[in-house]
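Reproduced below: upload-v2.cif, with mmCIF, C-alpha atoms.
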data_structure
#
loop_
_atom_site.label_atom_id
_atom_site.label_comp_id
_atom_site.auth_asym_id
_atom_site.auth_seq_id
_atom_site.Cartn_x
_atom_site.Cartn_y
_atom_site.Cartn_z
CA MET A 14 -36.63 -20.28 -31.19
CA SER A 15 -40.13 -20.74 -29.74
CA GLY A 16 -41.75 -18.14 -27.53
CA ARG A 17 -41.44 -20.44 -24.53
CA HIS A 18 -37.72 -20.87 -25.09
CA ARG A 19 -37.28 -17.11 -25.44
CA VAL A 20 -39.05 -16.54 -22.13
CA CYS A 21 -36.89 -19.17 -20.38
CA SER A 22 -33.75 -17.70 -21.89
CA ARG A 23 -34.74 -14.20 -20.77
CA ARG A 24 -35.46 -15.44 -17.25
CA PHE A 25 -32.12 -17.23 -17.14
CA ARG A 26 -30.32 -14.04 -18.14
CA ALA A 27 -32.25 -12.10 -15.54
CA VAL A 28 -31.13 -14.59 -12.90
CA LEU A 29 -27.52 -14.18 -14.08
CA VAL A 30 -27.81 -10.42 -13.75
CA ILE A 31 -29.30 -10.73 -10.26
CA VAL A 32 -26.53 -13.10 -9.15
CA ALA A 33 -23.83 -10.83 -10.59
CA LEU A 34 -25.23 -7.70 -8.96
CA ALA A 35 -25.78 -9.50 -5.65
CA PHE A 36 -22.13 -10.57 -5.66
CA VAL A 37 -20.99 -7.00 -6.31
CA VAL A 38 -23.21 -5.64 -3.53
CA ALA A 39 -21.93 -8.32 -1.15
CA THR A 40 -18.36 -7.34 -2.02
CA LEU A 41 -19.09 -3.68 -1.31
CA VAL A 42 -20.60 -4.59 2.05
CA ILE A 43 -17.64 -6.81 2.95
CA ARG A 44 -15.28 -4.02 1.92
CA ALA A 45 -17.08 -1.58 4.20
CA LEU A 46 -16.86 -3.74 7.34
CA PRO A 47 -13.92 -5.06 9.39
CA LEU A 48 -12.83 -8.36 7.86
CA PRO A 49 -13.62 -11.39 10.07
CA ASN A 50 -11.64 -14.07 8.21
CA ASN A 51 -9.59 -14.89 5.13
CA VAL A 52 -12.62 -15.69 2.98
CA ALA A 53 -13.92 -12.16 3.42
CA LEU A 54 -10.38 -10.85 2.95
CA VAL A 55 -9.99 -12.55 -0.43
CA ILE A 56 -13.33 -11.14 -1.57
CA ALA A 57 -12.32 -7.65 -0.42
CA VAL A 58 -9.00 -7.89 -2.26
CA GLY A 59 -10.92 -8.49 -5.48
CA SER A 60 -12.96 -5.30 -5.10
CA PRO A 61 -11.21 -3.35 -7.89
CA TYR A 62 -12.15 -6.10 -10.32
CA VAL A 63 -15.81 -6.56 -9.39
CA VAL A 64 -16.42 -3.40 -11.39
CA LEU A 65 -16.13 -5.70 -14.42
CA VAL A 66 -18.79 -8.00 -12.97
CA ALA A 67 -21.09 -5.02 -12.42
CA LEU A 68 -20.51 -3.82 -15.99
CA LEU A 69 -21.25 -7.28 -17.33
CA GLY A 70 -24.52 -7.35 -15.39
CA LEU A 71 -25.39 -3.91 -16.74
CA VAL A 72 -24.69 -4.89 -20.35
CA VAL A 73 -26.73 -8.10 -20.11
CA ALA A 74 -29.63 -6.28 -18.46
CA MET A 75 -29.69 -3.55 -21.09
CA LEU A 76 -29.35 -5.91 -24.05
CA ASN A 77 -32.30 -7.93 -22.75
CA ARG A 78 -34.34 -4.81 -21.95
CA LEU A 79 -34.64 -5.70 -18.29
CA LYS A 80 -35.60 -2.19 -17.23
CA VAL A 81 -35.67 -2.55 -13.46
CA LEU A 82 -32.48 -4.61 -13.40
CA SER A 83 -30.83 -2.09 -15.72
CA ILE A 84 -31.57 0.72 -13.27
CA VAL A 85 -30.25 -1.36 -10.37
CA ALA A 86 -27.18 -2.31 -12.41
CA VAL A 87 -26.42 1.35 -13.14
CA ALA A 88 -26.54 2.15 -9.42
CA VAL A 89 -24.41 -0.85 -8.42
CA THR A 90 -21.86 -0.14 -11.16
CA ALA A 91 -21.64 3.51 -10.13
CA ALA A 92 -21.07 2.54 -6.50
CA SER A 93 -18.36 0.01 -7.34
CA VAL A 94 -16.56 2.52 -9.55
CA ALA A 95 -16.92 5.36 -7.05
CA VAL A 96 -15.16 3.60 -4.16
CA GLN A 97 -12.15 2.84 -6.36
CA MET A 98 -12.00 6.26 -8.02
CA HIS A 99 -12.21 7.99 -4.66
CA TRP A 100 -9.16 6.13 -3.35
CA TYR A 101 -6.89 6.02 -6.37
CA TYR A 102 -7.79 9.23 -8.17
CA GLY A 103 -9.20 11.49 -5.43
CA GLY A 104 -5.89 13.32 -4.75
CA ARG A 105 -6.00 16.08 -2.18
CA SER A 106 -3.50 18.41 -0.51
CA ASP A 107 -2.77 19.04 3.15
CA GLY A 108 -1.59 22.58 2.68
CA VAL A 109 1.87 21.69 3.98
CA ALA A 110 4.38 24.53 4.29
CA ALA A 111 5.64 25.77 0.93
CA GLU A 112 9.26 25.69 2.12
CA SER A 113 10.31 22.09 2.22
CA VAL A 114 13.04 19.61 1.38
CA GLY A 115 12.25 17.03 -1.27
CA VAL A 116 13.23 13.60 0.05
CA ARG A 117 13.26 10.66 -2.35
CA MET A 118 12.05 7.51 -0.62
CA LEU A 119 12.33 3.99 -2.01
CA SER A 120 10.53 1.13 -0.29
CA ALA A 121 11.20 -2.46 -1.36
CA ASN A 122 10.38 -6.00 -0.31
CA LEU A 123 13.51 -8.08 -1.00
CA ARG A 124 11.78 -11.50 -1.17
CA TYR A 125 13.81 -13.34 1.45
CA GLY A 126 16.83 -11.22 0.55
CA ARG A 127 16.90 -12.40 -3.08
CA ALA A 128 16.72 -8.99 -4.79
CA ASP A 129 19.58 -8.41 -7.23
CA PRO A 130 22.05 -6.28 -5.20
CA ALA A 131 23.92 -4.70 -8.13
CA LYS A 132 20.75 -3.57 -9.92
CA PHE A 133 19.17 -2.46 -6.66
CA VAL A 134 22.17 -0.27 -5.77
CA GLU A 135 22.24 1.09 -9.32
CA LEU A 136 18.57 2.08 -8.99
CA VAL A 137 18.89 3.83 -5.64
CA ARG A 138 22.24 5.50 -6.32
CA ASN A 139 20.64 8.27 -8.35
CA GLY A 140 17.03 7.80 -7.33
CA ALA A 141 16.71 7.77 -3.55
CA ASP A 142 17.76 9.48 -0.33
CA LEU A 143 16.09 7.06 2.08
CA ILE A 144 15.53 3.33 1.60
CA THR A 145 13.27 1.07 3.61
CA VAL A 146 13.50 -2.66 3.04
CA THR A 147 11.63 -5.71 4.27
CA GLU A 148 12.52 -9.41 4.15
CA LEU A 149 16.14 -8.43 4.77
CA THR A 150 18.47 -11.36 5.48
CA ALA A 151 22.04 -11.32 6.80
CA GLU A 152 23.25 -12.69 3.47
CA ALA A 153 21.46 -9.87 1.62
CA VAL A 154 23.14 -7.28 3.84
CA GLN A 155 26.56 -8.61 2.87
CA ARG A 156 25.64 -8.68 -0.82
CA PHE A 157 24.41 -5.09 -0.69
CA TYR A 158 27.59 -3.96 1.01
CA SER A 159 29.63 -5.79 -1.63
CA ALA A 160 27.61 -3.93 -4.28
CA GLY A 161 28.60 -0.62 -2.69
CA ILE A 162 25.40 0.54 -1.04
CA ASP A 163 27.31 2.15 1.83
CA ASP A 164 29.18 4.41 -0.61
CA GLU A 165 25.98 6.39 -1.16
CA PHE A 166 24.05 5.43 1.96
CA PRO A 167 26.54 5.45 4.83
CA HIS A 168 23.89 5.45 7.55
CA SER A 169 21.75 2.44 8.34
CA ILE A 170 19.69 0.67 10.97
CA LEU A 171 19.40 -2.98 10.00
CA PHE A 172 17.66 -5.89 11.64
CA PRO A 173 18.30 -8.83 9.30
CA ALA A 174 16.56 -12.12 10.00
CA PRO A 175 15.96 -15.42 8.19
CA ASN A 176 13.21 -15.69 5.57
CA ALA A 177 10.75 -12.77 5.78
CA GLY A 178 11.58 -11.52 9.27
CA GLY A 179 14.14 -8.77 8.59
CA ASN A 180 13.69 -5.01 8.21
CA GLY A 181 16.06 -2.15 7.64
CA ILE A 182 16.67 1.47 6.72
CA TRP A 183 19.53 2.88 4.63
CA SER A 184 19.98 6.63 4.47
CA ARG A 185 22.10 9.43 3.07
CA TYR A 186 21.24 11.29 6.27
CA PRO A 187 22.40 10.43 9.80
CA LEU A 188 19.90 8.27 11.69
CA THR A 189 18.98 8.07 15.35
CA PRO A 190 17.12 4.88 16.36
CA LEU A 191 13.75 5.27 18.00
CA SER A 192 13.60 2.87 20.94
CA PRO A 193 12.34 0.22 20.93
CA THR A 194 13.02 -0.24 17.23
CA ARG A 195 11.35 -3.51 16.32
CA TYR A 196 7.95 -4.98 17.19
CA TRP A 197 6.49 -8.44 16.90
CA ASN A 198 3.57 -8.72 14.45
CA SER A 199 4.12 -5.18 13.20
CA GLY A 200 7.64 -5.82 11.89
CA MET A 201 8.69 -2.19 12.20
CA VAL A 202 12.09 -0.53 12.38
CA ALA A 203 12.01 3.21 13.09
CA ALA A 204 14.51 6.06 13.31
CA ARG A 205 14.77 9.83 13.06
CA ALA A 206 16.60 11.21 10.03
CA HIS A 207 18.74 14.32 10.45
CA ILE A 208 17.93 16.21 7.24
CA PRO A 209 19.86 19.48 6.79
CA GLY A 210 17.62 22.52 7.06
CA VAL A 211 14.66 20.70 8.63
CA SER A 212 13.86 22.04 12.09
CA ILE A 213 12.32 18.83 13.47
CA ASP A 214 13.95 15.54 12.49
CA PRO A 215 11.29 13.40 10.78
CA ALA A 216 10.61 9.82 11.79
CA VAL A 217 11.19 7.14 9.16
CA ALA A 218 9.86 3.60 9.53
CA SER A 219 10.20 0.35 7.61
CA VAL A 220 6.97 -1.62 8.02
CA HIS A 221 6.20 -5.29 7.38
CA ILE A 222 2.89 -6.72 8.57
CA THR A 223 2.67 -10.51 8.54
CA SER A 224 0.69 -12.09 5.70
CA PRO A 225 -2.94 -13.00 6.47
CA MET A 226 -2.51 -16.17 4.41
CA GLY A 227 -0.26 -17.60 7.12
CA SER A 228 -2.45 -16.55 10.03
CA PHE A 229 -5.41 -14.20 9.83
CA ALA A 230 -5.24 -13.53 13.58
CA SER A 231 -1.54 -12.61 13.37
CA TRP A 232 -2.25 -10.27 10.46
CA ARG A 233 -5.10 -8.60 12.33
CA ASN A 234 -2.94 -8.21 15.43
CA GLY A 235 -0.14 -6.87 13.25
CA VAL A 236 -2.40 -4.19 11.79
CA THR A 237 -3.49 -3.19 15.29
CA ALA A 238 0.11 -3.09 16.52
CA THR A 239 1.18 -1.03 13.51
CA LYS A 240 -1.59 1.49 14.08
CA SER A 241 -0.49 1.83 17.70
CA ARG A 242 3.13 2.25 16.71
CA LEU A 243 2.30 4.86 14.07
CA ALA A 244 0.47 6.80 16.75
CA GLY A 245 3.60 6.49 18.88
CA LEU A 246 5.78 7.86 16.09
CA ALA A 247 3.42 10.79 15.65
CA ALA A 248 3.65 11.54 19.37
CA ALA A 249 7.44 11.22 19.32
CA VAL A 250 7.98 13.84 16.62
CA GLY A 251 5.07 16.14 17.49
CA GLN A 252 4.75 18.60 14.61
CA GLY A 253 7.55 16.87 12.71
CA ALA A 254 6.99 14.66 9.69
CA VAL A 255 6.59 10.88 9.65
CA ILE A 256 7.28 8.62 6.67
CA ALA A 257 6.29 4.96 7.10
CA ALA A 258 6.77 2.65 4.14
CA GLY A 259 6.81 -1.04 3.42
CA ASP A 260 4.85 -4.22 2.84
CA PHE A 261 1.60 -3.83 4.78
CA ASN A 262 0.14 -7.04 3.31
CA SER A 263 -3.09 -5.06 3.08
CA THR A 264 -4.97 -3.38 0.27
CA PRO A 265 -7.08 -0.21 0.46
CA ASP A 266 -10.15 -2.44 0.17
CA MET A 267 -9.52 -3.89 3.63
CA ARG A 268 -11.34 -1.92 6.32
CA GLN A 269 -8.62 -2.67 8.87
CA PHE A 270 -6.03 -0.99 6.64
CA ARG A 271 -8.18 2.09 6.09
CA ASP A 272 -8.72 2.33 9.85
CA LEU A 273 -4.95 2.14 10.34
CA ILE A 274 -4.55 5.43 8.49
CA ALA A 275 -5.50 7.73 11.35
CA ASP A 276 -3.88 10.48 13.45
CA GLY A 277 -3.21 12.65 10.40
CA TYR A 278 -1.58 9.96 8.25
CA HIS A 279 -2.20 9.72 4.51
CA ASP A 280 -1.58 7.01 1.96
CA ALA A 281 0.71 8.47 -0.72
CA VAL A 282 -1.17 6.97 -3.68
CA ARG A 283 -4.49 8.29 -2.44
CA HIS A 284 -2.95 11.62 -1.44
CA THR A 285 -1.50 12.26 -4.89
CA GLY A 286 -4.25 10.66 -6.97
CA ALA A 287 -1.53 8.61 -8.66
CA GLY A 288 -3.99 5.97 -9.82
CA PHE A 289 -4.21 2.22 -9.48
CA THR A 290 -0.71 1.11 -8.43
CA PRO A 291 -0.65 -2.65 -7.81
CA THR A 292 2.65 -4.02 -6.52
CA PHE A 293 2.18 -7.78 -6.11
CA PRO A 294 2.97 -10.27 -7.56
CA SER A 295 5.58 -8.85 -9.93
CA ASP A 296 7.39 -12.07 -10.87
CA THR A 297 4.88 -13.54 -13.34
CA VAL A 298 4.12 -12.96 -17.01
CA LEU A 299 1.07 -10.98 -15.91
CA PRO A 300 1.30 -7.54 -14.31
CA PRO A 301 0.78 -7.16 -10.53
CA VAL A 302 -2.86 -7.28 -9.47
CA ILE A 303 -3.03 -6.17 -5.81
CA THR A 304 -1.79 -3.14 -3.89
CA ILE A 305 -0.17 -4.31 -0.65
CA ASP A 306 2.87 -2.01 -0.48
CA HIS A 307 2.33 1.53 0.74
CA VAL A 308 3.98 4.79 1.72
CA LEU A 309 2.23 6.64 4.54
CA THR A 310 3.07 10.19 5.53
CA ARG A 311 2.12 12.62 8.26
CA HIS A 312 2.84 16.37 8.22
CA ALA A 313 4.51 15.97 4.83
CA ASN A 314 3.24 16.35 1.30
CA VAL A 315 3.85 13.66 -1.30
CA ALA A 316 4.80 15.23 -4.62
CA SER A 317 4.84 11.99 -6.60
CA ILE A 318 4.83 8.21 -6.29
CA ARG A 319 5.33 5.39 -8.76
CA SER A 320 6.12 1.70 -8.74
CA VAL A 321 9.37 0.29 -10.12
CA ASP A 322 10.48 -3.26 -10.88
CA ILE A 323 13.19 -4.86 -8.75
CA ASP A 324 14.94 -7.91 -10.17
CA GLY A 325 14.83 -10.98 -7.95
CA THR A 326 11.78 -10.07 -5.91
CA ASP A 327 8.03 -10.58 -6.25
CA HIS A 328 7.03 -7.04 -5.29
CA ARG A 329 7.33 -3.81 -7.20
CA ALA A 330 9.10 -1.18 -5.14
CA LEU A 331 7.56 2.22 -4.47
CA LEU A 332 9.53 5.36 -5.25
CA ALA A 333 8.07 8.52 -3.74
CA THR A 334 9.18 12.12 -3.43
CA VAL A 335 8.13 13.45 -0.04
CA ASP A 336 8.27 17.18 0.69
CA VAL A 337 9.36 17.46 4.33
CA PRO A 338 8.59 20.95 5.71
CA ILE A 339 11.59 22.99 6.84
CA ALA A 340 9.61 24.50 9.72
CA SER A 341 7.23 22.57 11.96
CA SER A 342 3.80 21.79 10.53
CA ARG A 343 0.63 22.98 12.25
CA SER A 344 -2.49 20.85 12.03
#
structure tokens encoding of this file:
Amino acid sequence: MSGRHRVCSRRFRAVLVIVALAFVVATLVIRALPLPNNVALVIAVGSPYVVLVALLGLVVAMLNRLKVLSIVAVAVTAASVAVQMHWYYGGRSDGVAAESVGVRMLSANLRYGRADPAKFVELVRNGADLITVTELTAEAVQRFYSAGIDDEFPHSILFPAPNAGGNGIWSRYPLTPLSPTRYWNSGMVAARAHIPGVSIDPAVASVHITSPMGSFASWRNGVTATKSRLAGLAAAVGQGAVIAAGDFNSTPDMRQFRDLIADGYHDAVRHTGAGFTPTFPSDTVLPPVITIDHVLTRHANVASIRSVDIDGTDHRALLATVDVPIASSRS
């Protein structure tokens, strides 16, 4: 190869590195700001994977001895890794009361009620104390009852609806509805669970925020409504615990979702440092790639959380053990 061709090739690779790093920086900026539209939202959702783009830029820069670009690439790569590590592996404790009751919570999206009822009931029979479900249909309710869910979970507050509109809670513990119980755009059903030995009945909520792919404005309004309702639940129970779980149709890389976690709430994955836990889509030959299902807690420690497959649906369910303090928690 002639000297001229080598120079052109080196310049071309430098341009590729610049473009790659510029894209990563743009993604980090978009991630940091409130999302204005679905284009920005899609870019933000891809944030965990732009680390690979940054690494590619770094490798190309170093192999071609592009010193300045190599230094920039190191900084950009470090920044892109840091924001993901902080969320998924940062794990911190609230110092919740040592005396607590371990409550096993399973949260599942039923995909228009199509989840396999027999396998679902088999999973929760020995693995859960509280169940929150979204996309609950009337037909699914009947199938779950036929599968024997009420044998182990005799208490429930169910709002079935066609397609993706239904929510519900099944519980081993008695439930008292929190009124009003369901909200447009925030898709939330809430109740207080009477757990033996716990001085203040915790609030439990099944959450389903509308998908931004259908309407970005509806999604944004749903996030706002959910934040308001979570604040209302916190006020309702005072120093008691709150557990809110479901399909938030939001990833940690969306500023609106991070802003939603206020008033003492914590995301269970971040709280435990459980690691990257994508939940959607789960019905393809590839593993899930985005994290849109969450368990949020307030005045309660999360001992563990993991995702589990549910036959018939396109979301992995989340199974968490939440330590609900016996006595009231003090902030």
Hey, can you check how far CA of Asn51 (chain A) sits from CA of Arg283 (chain A)?
24.9 Å
Using only C-alpha atoms: which of A:Gly325, A:Gly245, A:Gly178, A:Gly104 has the shortest distance to Pro294 (chain A):
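Among A:Gly325, A:Gly245, A:Gly178, A:Gly104, it is A:Gly325 that comes nearest to Pro294 (chain A).
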Residues near Pro47 (chain A), cut-off 8 Å, all atoms listed in the file, skip fewer than 2 positions along chain, as a list in words
Ile43, Arg44, Ala45, Pro49, Met267, Arg268 and Gln269 of chain A
Near region 199-213 of chain A, counting all atoms listed in the file, which residues have an atom at most 7 Å away, once you skip same-chain residues fewer than 6 positions from it, shown as JSON, numbers by chain?
{"A": [180, 181, 186, 187, 188, 189, 190, 191, 219, 220, 221, 222, 235, 236, 238, 239, 253, 338, 339, 340, 341]}
Rank A:Val72, A:Leu119, A:Val217, A:Val255 by their smallest atom-to-atom distance to His279 (chain A), using all atoms listed in the file, and report the top residue only.
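Closest residue, counting all atoms listed in the file: A:Val255.
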Calculated over all atoms listed in the file, which of the candidates A:Tyr125, A:Ala258, A:Phe229, A:Asp322 has the smallest distance to Ala53 (chain A)?
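When distances to Ala53 (chain A) are compared using all atoms listed in the file, the smallest one comes from A:Phe229.
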Mind pulling up the distance from CA of Ala333 (chain A) to CA of Ala281 (chain A)?
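Atom-to-atom, CA of Ala281 (chain A) and CA of Ala333 (chain A) are spaced 8.0 Å apart.
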I would like the residues chosen by the PyMOL selection byres ((chain A and resi 127) around 8) on the shown file; could you give them as a ChimeraX atom specification?
/A:123-126,128-129,153,325-326
Between CA of Asp266 (chain A) and CA of Val96 (chain A), what is the spacing in Å?
9.0 Å
Skip Pro175 (chain A) itself and residues of its chain fewer than 4 positions away, then list as a list in words all residues within 10 Å of it, counting all atoms listed in the file.
Tyr125, Gly126, Glu148, Leu149, Thr150, Ala151, Glu152 and Gly179 of chain A
Given the selection you just returned, output its residues as a file containing C-alpha atoms, formatted as a compact mmCIF listing (two decimals), keeping the file's coordinate frame.
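Written out: out.txt:
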# COMPACT_ATOMS: atom_id res chain seq x y z
CA TYR A 125 13.81 -13.34 1.45
CA GLY A 126 16.83 -11.22 0.55
CA GLU A 148 12.52 -9.41 4.15
CA LEU A 149 16.14 -8.43 4.77
CA THR A 150 18.47 -11.36 5.48
CA ALA A 151 22.04 -11.32 6.80
CA GLU A 152 23.25 -12.69 3.47
CA GLY A 179 14.14 -8.77 8.59
Kindly indicate which residue among A:Lys132, A:Ser93, A:Asn77, A:Ala39 lies nearest to Leu65 (chain A), using all atoms listed in the file for the distances.
A:Ser93
Is it possible to get the residues within 6 Å of (23.5, -0.3, -4.3) (coordinates as in the file, counting all atoms listed in the file) written as a PyMOL selection string?
chain A and resi 131+133-135+160-162
Could you take the residues named above and write them with C-alpha atoms, as an mmCIF file, in the coordinates of the input?
data_model
loop_
_atom_site.group_PDB
_atom_site.id
_atom_site.type_symbol
_atom_site.label_atom_id
_atom_site.label_comp_id
_atom_site.auth_asym_id
_atom_site.auth_seq_id
_atom_site.Cartn_x
_atom_site.Cartn_y
_atom_site.Cartn_z
ATOM 1 C CA ALA A 131 23.920 -4.700 -8.130
ATOM 2 C CA PHE A 133 19.170 -2.460 -6.660
ATOM 3 C CA VAL A 134 22.170 -0.270 -5.770
ATOM 4 C CA GLU A 135 22.240 1.090 -9.320
ATOM 5 C CA ALA A 160 27.610 -3.930 -4.280
ATOM 6 C CA GLY A 161 28.600 -0.620 -2.690
ATOM 7 C CA ILE A 162 25.400 0.540 -1.040
#
Provide region 226-243 of chain A rebuilt to N, CA and C atoms, formatted as a PDB file, in the coordinates of the input.
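Printed below is result11.pdb as written:
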ATOM      1  N   MET A 226      -2.403 -14.802   4.918  1.00  0.00           N
ATOM      2  CA  MET A 226      -2.510 -16.170   4.410  1.00  0.00           C
ATOM      3  C   MET A 226      -1.872 -17.164   5.369  1.00  0.00           C
ATOM      4  N   GLY A 227      -0.868 -16.724   6.126  1.00  0.00           N
ATOM      5  CA  GLY A 227      -0.260 -17.600   7.120  1.00  0.00           C
ATOM      6  C   GLY A 227      -1.120 -17.721   8.366  1.00  0.00           C
ATOM      7  N   SER A 228      -1.594 -16.586   8.846  1.00  0.00           N
ATOM      8  CA  SER A 228      -2.450 -16.550  10.030  1.00  0.00           C
ATOM      9  C   SER A 228      -3.251 -15.260  10.008  1.00  0.00           C
ATOM     10  N   PHE A 229      -4.563 -15.389   9.855  1.00  0.00           N
ATOM     11  CA  PHE A 229      -5.410 -14.200   9.830  1.00  0.00           C
ATOM     12  C   PHE A 229      -5.318 -13.444  11.150  1.00  0.00           C
ATOM     13  N   ALA A 230      -5.305 -14.179  12.264  1.00  0.00           N
ATOM     14  CA  ALA A 230      -5.240 -13.530  13.580  1.00  0.00           C
ATOM     15  C   ALA A 230      -3.946 -12.748  13.735  1.00  0.00           C
ATOM     16  N   SER A 231      -2.824 -13.312  13.269  1.00  0.00           N
ATOM     17  CA  SER A 231      -1.540 -12.610  13.370  1.00  0.00           C
ATOM     18  C   SER A 231      -1.551 -11.352  12.502  1.00  0.00           C
ATOM     19  N   TRP A 232      -2.147 -11.463  11.317  1.00  0.00           N
ATOM     20  CA  TRP A 232      -2.250 -10.270  10.460  1.00  0.00           C
ATOM     21  C   TRP A 232      -3.081  -9.188  11.138  1.00  0.00           C
ATOM     22  N   ARG A 233      -4.225  -9.572  11.673  1.00  0.00           N
ATOM     23  CA  ARG A 233      -5.100  -8.600  12.330  1.00  0.00           C
ATOM     24  C   ARG A 233      -4.400  -7.954  13.518  1.00  0.00           C
ATOM     25  N   ASN A 234      -3.690  -8.758  14.304  1.00  0.00           N
ATOM     26  CA  ASN A 234      -2.940  -8.210  15.430  1.00  0.00           C
ATOM     27  C   ASN A 234      -1.807  -7.307  14.948  1.00  0.00           C
ATOM     28  N   GLY A 235      -1.201  -7.687  13.810  1.00  0.00           N
ATOM     29  CA  GLY A 235      -0.140  -6.870  13.250  1.00  0.00           C
ATOM     30  C   GLY A 235      -0.627  -5.505  12.800  1.00  0.00           C
ATOM     31  N   VAL A 236      -1.811  -5.465  12.198  1.00  0.00           N
ATOM     32  CA  VAL A 236      -2.400  -4.190  11.790  1.00  0.00           C
ATOM     33  C   VAL A 236      -2.663  -3.320  13.019  1.00  0.00           C
ATOM     34  N   THR A 237      -3.213  -3.932  14.059  1.00  0.00           N
ATOM     35  CA  THR A 237      -3.490  -3.190  15.290  1.00  0.00           C
ATOM     36  C   THR A 237      -2.206  -2.658  15.910  1.00  0.00           C
ATOM     37  N   ALA A 238      -1.167  -3.507  15.949  1.00  0.00           N
ATOM     38  CA  ALA A 238       0.110  -3.090  16.520  1.00  0.00           C
ATOM     39  C   ALA A 238       0.746  -1.975  15.691  1.00  0.00           C
ATOM     40  N   THR A 239       0.622  -2.066  14.375  1.00  0.00           N
ATOM     41  CA  THR A 239       1.180  -1.030  13.510  1.00  0.00           C
ATOM     42  C   THR A 239       0.474   0.297  13.712  1.00  0.00           C
ATOM     43  N   LYS A 240      -0.843   0.250  13.831  1.00  0.00           N
ATOM     44  CA  LYS A 240      -1.590   1.490  14.080  1.00  0.00           C
ATOM     45  C   LYS A 240      -1.132   2.126  15.387  1.00  0.00           C
ATOM     46  N   SER A 241      -0.946   1.316  16.419  1.00  0.00           N
ATOM     47  CA  SER A 241      -0.490   1.830  17.700  1.00  0.00           C
ATOM     48  C   SER A 241       0.903   2.439  17.586  1.00  0.00           C
ATOM     49  N   ARG A 242       1.769   1.753  16.853  1.00  0.00           N
ATOM     50  CA  ARG A 242       3.130   2.250  16.710  1.00  0.00           C
ATOM     51  C   ARG A 242       3.180   3.521  15.883  1.00  0.00           C
ATOM     52  N   LEU A 243       2.355   3.625  14.849  1.00  0.00           N
ATOM     53  CA  LEU A 243       2.300   4.860  14.070  1.00  0.00           C
ATOM     54  C   LEU A 243       1.844   6.027  14.930  1.00  0.00           C
TER      55      LEU A 243
END
